[in-house]
Every structure is written in C-alpha cells, then in structure tokens.
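Dumped model_22.tsv below, it's TSV, C-alpha atoms:
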```tsv
chain	number	residue	atom	x	y	z
V	1200	MET	CA	-15.97	86.35	-46.29
V	1201	SER	CA	-16.91	83.83	-48.99
V	1202	GLY	CA	-16.47	80.76	-46.83
V	1203	ARG	CA	-13.98	79.24	-49.25
V	1204	VAL	CA	-10.41	78.11	-48.74
V	1205	GLY	CA	-8.21	81.20	-48.37
V	1206	ASP	CA	-11.18	83.44	-47.59
V	1207	LEU	CA	-12.39	82.29	-44.16
V	1208	SER	CA	-13.22	84.45	-41.19
V	1209	PRO	CA	-11.88	83.30	-37.80
V	1210	ARG	CA	-15.36	82.05	-36.93
V	1211	GLN	CA	-15.64	80.11	-40.21
V	1212	ALA	CA	-12.20	78.55	-39.68
V	1213	GLU	CA	-13.28	77.50	-36.19
V	1214	LYS	CA	-16.48	75.96	-37.56
V	1215	LEU	CA	-14.48	74.04	-40.16
V	1216	SER	CA	-12.22	72.58	-37.49
V	1217	GLU	CA	-15.24	71.63	-35.36
V	1218	PHE	CA	-17.00	70.07	-38.35
V	1219	ARG	CA	-13.97	67.97	-39.26
V	1220	GLY	CA	-13.74	66.73	-35.68
V	1221	ARG	CA	-17.42	65.77	-35.49
V	1222	ILE	CA	-17.25	63.57	-38.61
V	1223	GLN	CA	-13.92	61.86	-37.95
V	1224	ASP	CA	-15.68	58.49	-37.72
V	1225	VAL	CA	-16.88	58.69	-41.35
V	1226	LEU	CA	-14.28	60.99	-42.89
V	1227	ALA	CA	-12.40	58.19	-44.67
V	1228	GLU	CA	-15.61	57.00	-46.35
V	1229	LEU	CA	-16.34	60.35	-48.00
V	1230	PRO	CA	-15.43	61.02	-51.66
V	1231	ALA	CA	-12.90	63.63	-50.49
V	1232	GLN	CA	-11.47	64.79	-47.17
V	1233	HIS	CA	-9.91	68.16	-48.05
V	1234	ASP	CA	-11.16	71.53	-46.81
V	1235	HIS	CA	-12.66	72.49	-50.18
V	1236	PHE	CA	-15.03	69.51	-49.95
V	1237	LEU	CA	-16.00	70.01	-46.30
V	1238	LEU	CA	-16.62	73.73	-46.78
V	1239	ARG	CA	-19.26	72.96	-49.42
V	1240	TRP	CA	-21.39	71.32	-46.73
V	1241	LEU	CA	-20.86	74.16	-44.29
V	1242	ARG	CA	-21.76	76.80	-46.87
V	1243	ALA	CA	-24.88	74.83	-47.79
V	1244	ARG	CA	-26.02	75.11	-44.15
V	1245	SER	CA	-24.75	78.65	-43.45
V	1246	PHE	CA	-21.92	77.26	-41.31
V	1247	ASN	CA	-24.34	75.57	-38.90
V	1248	VAL	CA	-22.14	72.63	-37.91
V	1249	GLN	CA	-24.96	70.48	-36.55
V	1250	LYS	CA	-27.06	70.84	-39.71
V	1251	ALA	CA	-24.02	70.27	-41.94
V	1252	GLU	CA	-23.21	67.09	-40.02
V	1253	VAL	CA	-26.74	65.75	-40.45
V	1254	MET	CA	-26.59	66.58	-44.16
V	1255	ILE	CA	-23.25	64.89	-44.82
V	1256	ARG	CA	-24.20	61.77	-42.87
V	1257	LYS	CA	-27.40	61.47	-44.89
V	1258	HIS	CA	-25.33	61.93	-48.04
V	1259	LEU	CA	-23.00	59.11	-46.98
V	1260	GLU	CA	-25.96	56.86	-46.15
V	1261	PHE	CA	-27.38	57.56	-49.61
V	1262	ARG	CA	-24.04	56.74	-51.27
V	1263	ARG	CA	-23.95	53.40	-49.47
V	1264	LYS	CA	-27.55	52.59	-50.38
V	1265	MET	CA	-27.02	53.38	-54.08
V	1266	ASN	CA	-23.47	51.93	-54.20
V	1267	VAL	CA	-22.35	55.26	-55.66
V	1268	ASP	CA	-18.62	54.54	-55.36
V	1269	ALA	CA	-18.94	51.78	-57.96
V	1270	ILE	CA	-21.77	53.16	-60.09
V	1271	ILE	CA	-19.53	54.21	-62.99
V	1272	SER	CA	-17.61	50.94	-63.21
V	1273	ASP	CA	-20.25	48.39	-62.14
V	1274	TRP	CA	-23.58	49.74	-63.45
V	1275	LYS	CA	-24.70	50.60	-66.95
V	1276	PRO	CA	-28.00	52.28	-67.84
V	1277	PRO	CA	-30.59	50.27	-69.77
V	1278	GLU	CA	-30.27	50.56	-73.54
V	1279	VAL	CA	-33.37	52.73	-73.87
V	1280	ILE	CA	-31.93	55.32	-71.44
V	1281	ASP	CA	-28.54	55.22	-73.12
V	1282	LEU	CA	-30.10	55.87	-76.53
V	1283	TYR	CA	-33.01	58.20	-75.80
V	1284	VAL	CA	-32.14	60.29	-72.74
V	1285	SER	CA	-30.79	63.54	-74.16
V	1286	GLY	CA	-27.84	65.52	-72.86
V	1287	GLY	CA	-24.12	65.22	-72.31
V	1288	MET	CA	-20.89	66.80	-71.13
V	1289	CYS	CA	-19.23	69.14	-73.62
V	1290	GLY	CA	-16.54	71.75	-73.02
V	1291	TYR	CA	-15.58	73.91	-70.03
V	1292	ASP	CA	-16.65	77.36	-68.86
V	1293	ARG	CA	-14.26	80.27	-68.28
V	1294	GLU	CA	-13.60	79.08	-64.71
V	1295	GLY	CA	-12.57	75.63	-65.96
V	1296	SER	CA	-15.73	73.88	-64.78
V	1297	PRO	CA	-17.22	71.14	-66.98
V	1298	ILE	CA	-20.45	71.96	-68.81
V	1299	TRP	CA	-23.44	69.62	-68.99
V	1300	TYR	CA	-26.24	70.14	-71.53
V	1301	ASP	CA	-29.80	68.90	-70.96
V	1302	VAL	CA	-31.72	69.11	-74.24
V	1303	ILE	CA	-35.40	69.10	-73.27
V	1304	GLY	CA	-37.27	69.46	-76.57
V	1305	PRO	CA	-36.57	66.09	-78.24
V	1306	LEU	CA	-37.06	64.19	-74.96
V	1307	ASP	CA	-39.91	61.66	-74.89
V	1308	PRO	CA	-40.68	61.47	-71.13
V	1309	LYS	CA	-43.71	59.20	-71.44
V	1310	GLY	CA	-41.92	56.74	-73.71
V	1311	LEU	CA	-38.92	56.64	-71.37
V	1312	LEU	CA	-40.98	56.12	-68.22
V	1313	LEU	CA	-42.90	53.30	-69.91
V	1314	SER	CA	-39.59	51.65	-70.82
V	1315	ALA	CA	-37.43	51.93	-67.68
V	1316	THR	CA	-37.95	52.31	-63.94
V	1317	LYS	CA	-37.76	55.54	-61.99
V	1318	GLN	CA	-34.90	53.98	-60.03
V	1319	ASP	CA	-32.97	53.44	-63.29
V	1320	PHE	CA	-33.37	57.14	-64.09
V	1321	MET	CA	-32.16	58.05	-60.61
V	1322	LYS	CA	-29.10	55.84	-60.99
V	1323	THR	CA	-28.41	57.36	-64.39
V	1324	LYS	CA	-28.45	60.90	-62.98
V	1325	ILE	CA	-26.24	59.81	-60.09
V	1326	ARG	CA	-23.84	58.24	-62.58
V	1327	HIS	CA	-23.77	61.45	-64.63
V	1328	THR	CA	-23.08	63.45	-61.46
V	1329	GLU	CA	-20.21	61.15	-60.48
V	1330	MET	CA	-18.74	61.49	-63.97
V	1331	LEU	CA	-18.92	65.28	-63.67
V	1332	GLN	CA	-17.32	65.21	-60.23
V	1333	ARG	CA	-14.55	63.00	-61.60
V	1334	GLU	CA	-14.03	65.55	-64.38
V	1335	CYS	CA	-13.83	68.32	-61.76
V	1336	ARG	CA	-11.02	66.42	-60.03
V	1337	ARG	CA	-9.19	66.03	-63.34
V	1338	GLN	CA	-9.58	69.74	-64.06
V	1339	SER	CA	-8.31	70.60	-60.58
V	1340	GLU	CA	-5.16	68.60	-61.21
V	1341	LYS	CA	-4.73	70.03	-64.69
V	1342	LEU	CA	-5.28	73.70	-63.78
V	1343	GLY	CA	-3.60	73.61	-60.39
V	1344	HIS	CA	-6.54	75.02	-58.43
V	1345	ASN	CA	-9.77	73.63	-57.05
V	1346	ILE	CA	-12.65	73.08	-59.48
V	1347	GLU	CA	-15.88	71.99	-57.81
V	1348	ALA	CA	-18.68	73.72	-59.73
V	1349	ILE	CA	-20.56	72.42	-62.75
V	1350	SER	CA	-22.36	74.56	-65.33
V	1351	LEU	CA	-25.67	73.16	-66.56
V	1352	ILE	CA	-27.36	74.43	-69.70
V	1353	TYR	CA	-31.01	73.50	-70.20
V	1354	ASP	CA	-32.07	73.85	-73.83
V	1355	CYS	CA	-35.83	74.41	-73.53
V	1356	GLU	CA	-36.55	74.88	-77.22
V	1357	GLY	CA	-39.43	72.59	-78.14
V	1358	LEU	CA	-40.78	72.34	-74.58
V	1359	GLY	CA	-44.44	71.34	-74.87
V	1360	LEU	CA	-47.37	69.58	-73.28
V	1361	LYS	CA	-45.71	66.17	-73.57
V	1362	HIS	CA	-43.15	67.34	-71.01
V	1363	ILE	CA	-45.85	68.32	-68.49
V	1364	TRP	CA	-46.92	64.69	-67.98
V	1365	LYS	CA	-47.42	64.18	-64.22
V	1366	PRO	CA	-45.18	61.09	-63.71
V	1367	ALA	CA	-42.37	62.87	-65.55
V	1368	ILE	CA	-42.72	65.94	-63.30
V	1369	GLU	CA	-42.67	63.71	-60.18
V	1370	THR	CA	-39.55	61.95	-61.42
V	1371	TYR	CA	-37.73	65.21	-62.14
V	1372	GLY	CA	-35.07	66.44	-59.73
V	1373	GLU	CA	-31.89	68.43	-60.27
V	1374	VAL	CA	-29.48	70.49	-58.17
V	1375	CYS	CA	-26.93	72.71	-59.87
V	1376	PRO	CA	-24.32	75.37	-59.11
V	1377	PHE	CA	-25.08	77.36	-62.30
V	1378	ALA	CA	-27.78	76.82	-64.88
V	1379	ALA	CA	-28.74	78.74	-67.99
V	1380	LEU	CA	-32.10	78.09	-69.63
V	1381	HIS	CA	-32.81	79.16	-73.20
V	1382	PRO	CA	-35.01	80.17	-74.86
V	1383	PRO	CA	-37.92	80.32	-72.38
V	1384	PRO	CA	-40.91	79.26	-74.58
V	1385	LYS	CA	-44.56	79.93	-73.84
V	1386	MET	CA	-44.87	76.63	-71.95
V	1387	PHE	CA	-41.91	77.42	-69.69
V	1388	PRO	CA	-43.66	79.36	-66.88
V	1389	MET	CA	-46.06	76.46	-66.35
V	1390	ALA	CA	-43.27	73.89	-66.42
V	1391	TYR	CA	-41.06	75.84	-64.04
V	1392	ASN	CA	-43.89	76.35	-61.56
V	1393	LEU	CA	-44.28	72.56	-61.43
V	1394	ILE	CA	-40.61	71.78	-60.78
V	1395	LYS	CA	-39.38	74.77	-58.77
V	1396	HIS	CA	-40.67	73.24	-55.53
V	1397	PHE	CA	-37.99	70.55	-55.89
V	1398	LEU	CA	-35.29	73.24	-55.81
V	1399	CYS	CA	-34.03	74.99	-52.69
V	1400	GLU	CA	-33.83	78.78	-52.64
V	1401	GLU	CA	-30.03	78.70	-52.96
V	1402	THR	CA	-30.33	76.66	-56.17
V	1403	ARG	CA	-33.04	78.93	-57.61
V	1404	ARG	CA	-30.73	81.93	-57.24
V	1405	LYS	CA	-28.12	80.22	-59.42
V	1406	ILE	CA	-30.46	79.84	-62.38
V	1407	LEU	CA	-30.27	82.34	-65.24
V	1408	PHE	CA	-33.23	82.63	-67.61
V	1409	LEU	CA	-31.94	83.70	-71.01
V	1410	GLY	CA	-33.87	85.68	-73.59
V	1411	SER	CA	-33.22	86.65	-77.19
V	1412	ASN	CA	-29.54	87.44	-76.42
V	1413	TRP	CA	-28.92	83.95	-75.00
V	1414	GLN	CA	-25.93	83.22	-77.25
V	1415	GLU	CA	-24.20	86.42	-76.13
V	1416	VAL	CA	-24.81	85.56	-72.45
V	1417	LEU	CA	-23.45	82.03	-72.94
V	1418	ARG	CA	-20.31	83.48	-74.51
V	1419	ASP	CA	-19.89	85.68	-71.42
V	1420	HIS	CA	-19.49	82.48	-69.40
V	1421	ILE	CA	-17.94	80.16	-71.99
V	1422	ASP	CA	-15.13	80.72	-74.50
V	1423	PRO	CA	-16.38	80.24	-78.10
V	1424	ASP	CA	-14.00	77.32	-78.71
V	1425	GLN	CA	-15.65	75.49	-75.79
V	1426	LEU	CA	-19.22	76.19	-76.98
V	1427	PRO	CA	-20.89	74.19	-79.77
V	1428	VAL	CA	-21.71	76.12	-82.96
V	1429	VAL	CA	-25.42	75.47	-82.45
V	1430	TYR	CA	-25.20	77.36	-79.14
V	1431	GLY	CA	-23.27	80.33	-80.54
V	1432	GLY	CA	-19.67	79.10	-80.32
V	1433	THR	CA	-17.14	77.60	-82.71
V	1434	LEU	CA	-16.82	74.06	-81.33
V	1435	THR	CA	-17.74	71.16	-83.65
V	1436	ASP	CA	-17.31	67.42	-83.74
V	1437	PRO	CA	-14.27	66.12	-85.69
V	1438	ASP	CA	-16.60	65.59	-88.67
V	1439	GLY	CA	-17.78	69.22	-88.49
V	1440	ASP	CA	-21.14	68.49	-86.80
V	1441	PRO	CA	-22.21	71.83	-85.22
V	1442	ARG	CA	-24.34	70.00	-82.64
V	1443	CYS	CA	-21.41	67.93	-81.29
V	1444	ARG	CA	-23.45	64.72	-81.28
V	1445	THR	CA	-20.47	62.62	-80.16
V	1446	MET	CA	-20.68	64.46	-76.81
V	1447	ILE	CA	-24.31	65.60	-76.56
V	1448	LYS	CA	-27.21	63.20	-77.17
V	1449	TYR	CA	-30.42	64.64	-78.58
V	1450	GLY	CA	-32.86	61.88	-77.65
V	1451	GLY	CA	-35.98	61.31	-79.74
V	1452	THR	CA	-39.23	59.36	-79.69
V	1453	VAL	CA	-38.87	56.00	-77.91
V	1454	PRO	CA	-40.04	53.08	-80.09
V	1455	ARG	CA	-42.90	51.08	-78.57
V	1456	SER	CA	-40.73	47.97	-78.77
V	1457	TYR	CA	-39.01	49.27	-75.62
V	1458	TYR	CA	-42.25	49.60	-73.64
V	1459	VAL	CA	-41.98	47.03	-70.85
V	1460	ARG	CA	-45.70	46.26	-70.48
V	1461	ASP	CA	-45.98	45.72	-74.23
V	1462	SER	CA	-42.96	43.41	-74.44
V	1463	ALA	CA	-43.19	41.28	-71.29
V	1464	GLU	CA	-46.16	39.85	-69.43
V	1465	VAL	CA	-45.48	38.96	-65.80
V	1466	ARG	CA	-47.75	36.51	-63.99
V	1467	TYR	CA	-48.07	37.31	-60.30
V	1468	GLU	CA	-49.07	34.88	-57.58
V	1469	HIS	CA	-50.93	37.31	-55.33
V	1470	SER	CA	-52.94	40.50	-55.46
V	1471	VAL	CA	-53.96	42.89	-52.67
V	1472	THR	CA	-55.71	46.23	-52.38
V	1473	VAL	CA	-53.77	48.74	-50.32
V	1474	ARG	CA	-56.35	51.20	-49.11
V	1475	ARG	CA	-55.77	54.93	-49.13
V	1476	GLY	CA	-53.62	56.10	-46.22
V	1477	SER	CA	-52.63	52.56	-45.26
V	1478	VAL	CA	-49.80	50.01	-45.49
V	1479	PHE	CA	-49.81	46.34	-46.45
V	1480	GLN	CA	-47.10	44.22	-44.79
V	1481	LEU	CA	-45.94	40.83	-46.04
V	1482	GLU	CA	-43.70	38.73	-43.80
V	1483	VAL	CA	-41.14	36.47	-45.45
V	1484	GLN	CA	-39.07	33.90	-43.55
V	1485	VAL	CA	-35.41	33.88	-44.64
V	1486	PRO	CA	-33.78	30.77	-43.11
V	1487	ALA	CA	-30.11	31.44	-43.93
V	1488	ALA	CA	-27.70	34.32	-44.42
V	1489	GLY	CA	-26.72	34.89	-48.03
V	1490	SER	CA	-30.19	34.04	-49.35
V	1491	LEU	CA	-31.68	36.15	-52.13
V	1492	LEU	CA	-35.02	37.80	-51.39
V	1493	ARG	CA	-36.88	38.67	-54.58
V	1494	CYS	CA	-40.12	40.61	-54.97
V	1495	GLN	CA	-41.77	41.30	-58.32
V	1496	PHE	CA	-44.72	43.68	-58.25
V	1497	SER	CA	-46.86	46.09	-60.23
V	1498	SER	CA	-49.56	48.54	-59.18
V	1499	ASP	CA	-52.77	49.55	-60.86
V	1500	GLY	CA	-53.44	53.18	-61.73
V	1501	ALA	CA	-50.72	55.01	-59.77
V	1502	ASP	CA	-47.39	54.59	-58.04
V	1503	VAL	CA	-46.91	52.80	-54.71
V	1504	GLY	CA	-44.33	52.94	-51.95
V	1505	PHE	CA	-42.18	49.90	-51.23
V	1506	GLY	CA	-39.58	49.09	-48.59
V	1507	VAL	CA	-38.06	46.09	-46.83
V	1508	TYR	CA	-37.42	45.69	-43.10
V	1509	ARG	CA	-36.26	42.90	-40.75
V	1510	ARG	CA	-37.83	42.09	-37.42
V	1511	LYS	CA	-35.55	42.55	-34.42
V	1512	LYS	CA	-37.52	40.15	-32.23
V	1513	ASP	CA	-39.74	37.12	-32.73
V	1514	GLY	CA	-43.44	37.04	-31.99
V	1515	GLY	CA	-45.89	39.81	-31.18
V	1516	SER	CA	-46.65	42.94	-33.13
V	1517	GLN	CA	-43.84	45.27	-34.09
V	1518	LYS	CA	-44.03	48.70	-35.70
V	1519	VAL	CA	-41.98	49.45	-38.82
V	1520	SER	CA	-40.11	52.10	-36.84
V	1521	GLU	CA	-38.96	49.36	-34.45
V	1522	MET	CA	-37.62	47.14	-37.25
V	1523	LEU	CA	-34.24	47.20	-38.94
V	1524	GLN	CA	-34.41	49.04	-42.25
V	1525	VAL	CA	-33.02	46.94	-45.10
V	1526	LEU	CA	-34.35	48.80	-48.15
V	1527	PRO	CA	-35.65	52.33	-47.43
V	1528	SER	CA	-39.22	52.91	-48.54
V	1529	GLU	CA	-39.64	55.00	-51.69
V	1530	ARG	CA	-42.29	55.46	-54.33
V	1531	TYR	CA	-42.10	53.24	-57.42
V	1532	ASN	CA	-43.79	53.89	-60.77
V	1533	ALA	CA	-44.91	50.27	-60.79
V	1534	HIS	CA	-48.08	51.27	-62.67
V	1535	LEU	CA	-45.85	52.11	-65.65
V	1536	VAL	CA	-43.02	49.56	-65.41
V	1537	PRO	CA	-43.22	46.36	-63.30
V	1538	GLU	CA	-40.60	46.23	-60.55
V	1539	ASP	CA	-38.23	43.37	-59.79
V	1540	THR	CA	-36.39	43.98	-56.51
V	1541	ARG	CA	-33.65	41.61	-55.33
V	1542	LEU	CA	-31.82	41.75	-52.01
V	1543	THR	CA	-29.06	39.57	-50.60
V	1544	CYS	CA	-29.97	38.97	-46.95
V	1545	THR	CA	-26.95	39.23	-44.66
V	1546	GLU	CA	-28.85	37.76	-41.71
V	1547	PRO	CA	-31.56	35.10	-41.35
V	1548	GLY	CA	-34.89	36.12	-39.86
V	1549	VAL	CA	-38.32	37.47	-40.67
V	1550	TYR	CA	-38.21	40.13	-43.39
V	1551	VAL	CA	-41.19	42.41	-43.85
V	1552	LEU	CA	-42.11	43.74	-47.31
V	1553	CYS	CA	-44.10	46.96	-46.94
V	1554	PHE	CA	-46.34	48.32	-49.68
V	1555	ASP	CA	-46.97	51.89	-48.58
V	1556	ASN	CA	-49.97	54.00	-49.62
V	1557	THR	CA	-50.01	56.34	-46.62
V	1558	TYR	CA	-49.24	59.36	-48.81
V	1559	SER	CA	-52.41	58.85	-50.88
V	1560	LEU	CA	-55.45	60.42	-49.26
V	1561	LEU	CA	-57.91	59.66	-52.06
V	1562	GLN	CA	-56.87	56.59	-54.03
V	1563	SER	CA	-56.53	52.93	-53.09
V	1564	LYS	CA	-53.97	50.86	-55.03
V	1565	THR	CA	-54.21	47.29	-56.27
V	1566	VAL	CA	-50.80	45.64	-56.06
V	1567	SER	CA	-50.00	42.34	-57.77
V	1568	TYR	CA	-46.87	40.63	-56.46
V	1569	THR	CA	-44.73	37.51	-56.24
V	1570	ALA	CA	-42.24	37.13	-53.40
V	1571	GLU	CA	-39.73	34.30	-53.07
V	1572	VAL	CA	-36.54	33.32	-51.27
V	1573	LEU	CA	-33.69	31.84	-53.28
V	1574	LEU	CA	-31.49	30.03	-50.81
V	1575	ALA	CA	-27.75	30.29	-50.51
V	1576	PRO	CA	-25.83	27.03	-51.26
V	1577	ASP	CA	-26.23	24.42	-48.51
V	1578	GLY	CA	-29.06	26.37	-46.90
V	1579	PRO	CA	-32.16	24.62	-45.49
V	1580	THR	CA	-35.13	24.21	-47.79
V	1581	PRO	CA	-38.25	25.98	-46.42
V	1582	SER	CA	-41.78	25.14	-47.44
V	1583	PRO	CA	-43.83	27.74	-49.34
V	1584	GLU	CA	-45.89	28.25	-46.17
V	1585	ASP	CA	-42.76	29.04	-44.19
V	1586	GLN	CA	-41.55	31.56	-46.78
V	1587	LEU	CA	-44.70	33.68	-46.87
V	1588	GLN	CA	-46.36	34.16	-43.49
```
In structure tokens, write the structure found in this file.
Amino acid sequence: MSGRVGDLSPRQAEKLSEFRGRIQDVLAELPAQHDHFLLRWLRARSFNVQKAEVMIRKHLEFRRKMNVDAIISDWKPPEVIDLYVSGGMCGYDREGSPIWYDVIGPLDPKGLLLSATKQDFMKTKIRHTEMLQRECRRQSEKLGHNIEAISLIYDCEGLGLKHIWKPAIETYGEVCPFAALHPPPKMFPMAYNLIKHFLCEETRRKILFLGSNWQEVLRDHIDPDQLPVVYGGTLTDPDGDPRCRTMIKYGGTVPRSYYVRDSAEVRYEHSVTVRRGSVFQLEVQVPAAGSLLRCQFSSDGADVGFGVYRRKKDGGSQKVSEMLQVLPSERYNAHLVPEDTRLTCTEPGVYVLCFDNTYSLLQSKTVSYTAEVLLAPDGPTPSPEDQLQ
C-alpha cells in the first residue's frame, strides 16, 4: 500500500488515527489538518508514530521561530537577493504540481554571501517554499484532487569553481519531492559529493540526473506548453522571450556596491577571543518586559555560533541547558556580513548571549560586538554597568 489517502492498509489507517490523537494539542496550529497532510509525516518516518510526532513538533517549533505563517505577507528579501538569486516558479508538470527552476550557472554565491546574511537566504528559501505550498493548495482546489508535490529542476549548465566556495556549500540546503538536473557538467560530481550529505536517502532517490536527452526526459514529465522553449518546450513570455524571464530569474554577478563590509563600517564596543571548542557568555540585565535587546557582532576569519537564553534563577552558576531558550543557537556567517540581532523581551531578567565555538576543533574566533537594551516606554533606566554584567 502506498500510504496515501484511499490506499491505506488497516495498520496504516490505525497509525494515522493514533498520530492524529497524539498531536491534538497542536493540530490547529499546523498549516493543514487533513489526512493528506498528516500522512506525509507518517510516510517520511515509515509510519513510526513516535518519530513522526517528534518530527512534526520540531517542524511547528521551527515555524514559530521563523514566523513562517506571515513570511509571505510581512517579510521581503533584501534587494540584492531579489535581484541576483536565480530561479522561479514556472508552469506545472503532468500531475498538476508546480515547477520550480534553480538556475545555477549565472549565480554569484560569493557576491551574494558578502551582501546578505545566511539567515536572509534561509528566510528567502522558506518564503519560496511557502509560495509553492500555497500554489499546491490552489491547484488542489482547481483540479479537484490533492496536489502536494513540487517538481524542482536544477539547471547546472555553467557550474564551475566559483560555486564550490566553502561558505556557499555550507549555506546550501534543499529538500524536494522530484528533481531533475541537467546537463551534468564535469564539475558536477565534485559539487554533488559536497552537498549530498545534506540530503536524506529518500530525497536522493527522487533526484534524476539527465544526460544528452534531457529535453526529451523533461517532456516526459511536463507538457510542452508548460515548459519554457529554452528547456525544450513551447512556453514563452508574452513578449516571446524563450527563457520566460518574467517568471524565472537568471541572476548574475553581484555589484560590489552591495557588499556590506565595503559599504558600511560598524564600530563595536567590545572584542573577545572565543577559543576553539569553547563558549563565551555575556549576561545582559533586562529590567522591563517589552524591552528590545540588540546585539551587533562580527567574527574574524570564520563563522561563529550565536544564541540567546534567559536565566531561570538568580545568582550562582547555571548551565545553558538549564536556561530558557529565547533564540536557538545557530552558526552565523558574521565573518562575511556583520550581524544585527534584535529581540523583544517578553519577560524581565538576566539574558545570556552565547557566542559558540564548540564545533571548531582547530580555530579560535575573534568576535567584535556591541550589546544594548532599548527600554520599553515608561521602563526604568539602567546604568551601562547594570546592562552588561
């Protein structure tokens, strides 16, 4: 049995019912509550209900953290990403699923990562994914049956050494239900070996590597009137453009005027060396709820982890694991683009800013930073010594 609606074994139907019961407390917060949606999580974990529950709860936690529900309406990518990140949604495959094109060759990964933060790229990909999921819902309503898959086409023509830049590889991440890559150039085996570790085995099996007959294979999956002329179909822009540039962006070299370090010089108040395999913690006193905690920082030579926590008790030593997580720790490319993190504190107390270098076994990091508390209206005025402890 496929594990899809209408094709469930008695055991799978029982697991679905159990799964729905176990997540009743968060069901209303999920993007969808129907069986099609829940079965995706069960199939992803081979109908292991416990593992599927852990997965979906982590997904919901991530959506809250990234404010995914409002990312299309309330967040816009920086101009440099909007103009120079290639790709776009164009047409539908024979199953009715939307098609997304990622055009690798013209992409300038180094220029982009010197002009915007890794977190901005992550938000952009999340936004693209939400747009595709919204299109799936529209297609489901239009066609009268469930559409949940997305076809991704990676155009690898022009792939070269500039795309094998280490920070770009570390920033890369993609999960897809179907992907076709064409044509696989000489550089492709090296590139794929670098990124395949980010892909689970299930995702790897969905990837098709196309050779000289790539246009014919694409037409097997996509009707010609839904496939741009440049990819072997008949679809054009209204002005006859065979590349469909109104729907697919082709990127290009990022002008140096967008490079953040070249255009803005930030003066930091403090500097610290975070030794290899260690963490530097900075305590900040927040006197009133609603205050804004701001931390600007950059690192020297390589990325650095950063997270924010709040002490649960006053006085004495307290491990990070014993604190309340406010901003989960993740690695920032602060050696390429300075970071400016802002958090609205819902509770007063001692907040701990953690610069994390535990993952680096060989290299210490010099971090320059400025941390400040911007008080809510009518809040008490702390001294600088009270803010930074």
Neighbour list for Leu1574 of chain V as a compact mmCIF listing (two decimals) with C-alpha atoms, keeping the file's coordinate frame, cut-off 9 Å, all atoms listed in the file, skip fewer than 5 positions in-chain:
```txt
# COMPACT_ATOMS: atom_id res chain seq x y z
CA VAL V 1485 -35.41 33.88 -44.64
CA PRO V 1486 -33.78 30.77 -43.11
CA ALA V 1487 -30.11 31.44 -43.93
CA ALA V 1488 -27.70 34.32 -44.42
CA GLY V 1489 -26.72 34.89 -48.03
CA SER V 1490 -30.19 34.04 -49.35
CA LEU V 1491 -31.68 36.15 -52.13
CA LEU V 1492 -35.02 37.80 -51.39
CA PRO V 1579 -32.16 24.62 -45.49
CA THR V 1580 -35.13 24.21 -47.79
```
Please identify all polymer residues within 10 Å of segment 1241-1243 of chain V, counting all atoms listed in the file, omitting same-chain residues fewer than 2 positions from it, and present them as a ChimeraX atom specification. /V:1201-1203,1211,1214-1215,1218,1236-1239,1245-1252,1254-1255,1401
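Nearest-residue note for Ile1421 of chain V: choosing from V:Thr1557, V:Ser1350, V:Gln1480, V:Gln1495, the minimum distance belongs to V:Ser1350, counting all atoms listed in the file.
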Closest of V:Tyr1508, V:Tyr1568, V:Tyr1458, V:Tyr1300 to Arg1444 of chain V, counting all atoms listed in the file, is V:Tyr1300
Can you pull out the residues contacting segment 1317-1322 of chain V? Cut-off 10 Å, using all atoms listed in the file, and skip same-chain residues under 3 positions away; I want them as number ranges by chain. V: 1265-1267, 1270-1271, 1274-1277, 1280, 1284, 1311-1314, 1325-1328, 1366-1367, 1369-1372, 1529-1533, 1535-1536, 1538
Which distance in Å separates atom CA of Pro1305 of chain V and atom CA of Leu1331 of chain V, to one decimal? 22.9 Å
In Å to one decimal, how far is atom CA of Glu1329 of chain V from atom CA of Asp1268 of chain V?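 Computing it gives 8.5 Å between the two atoms.
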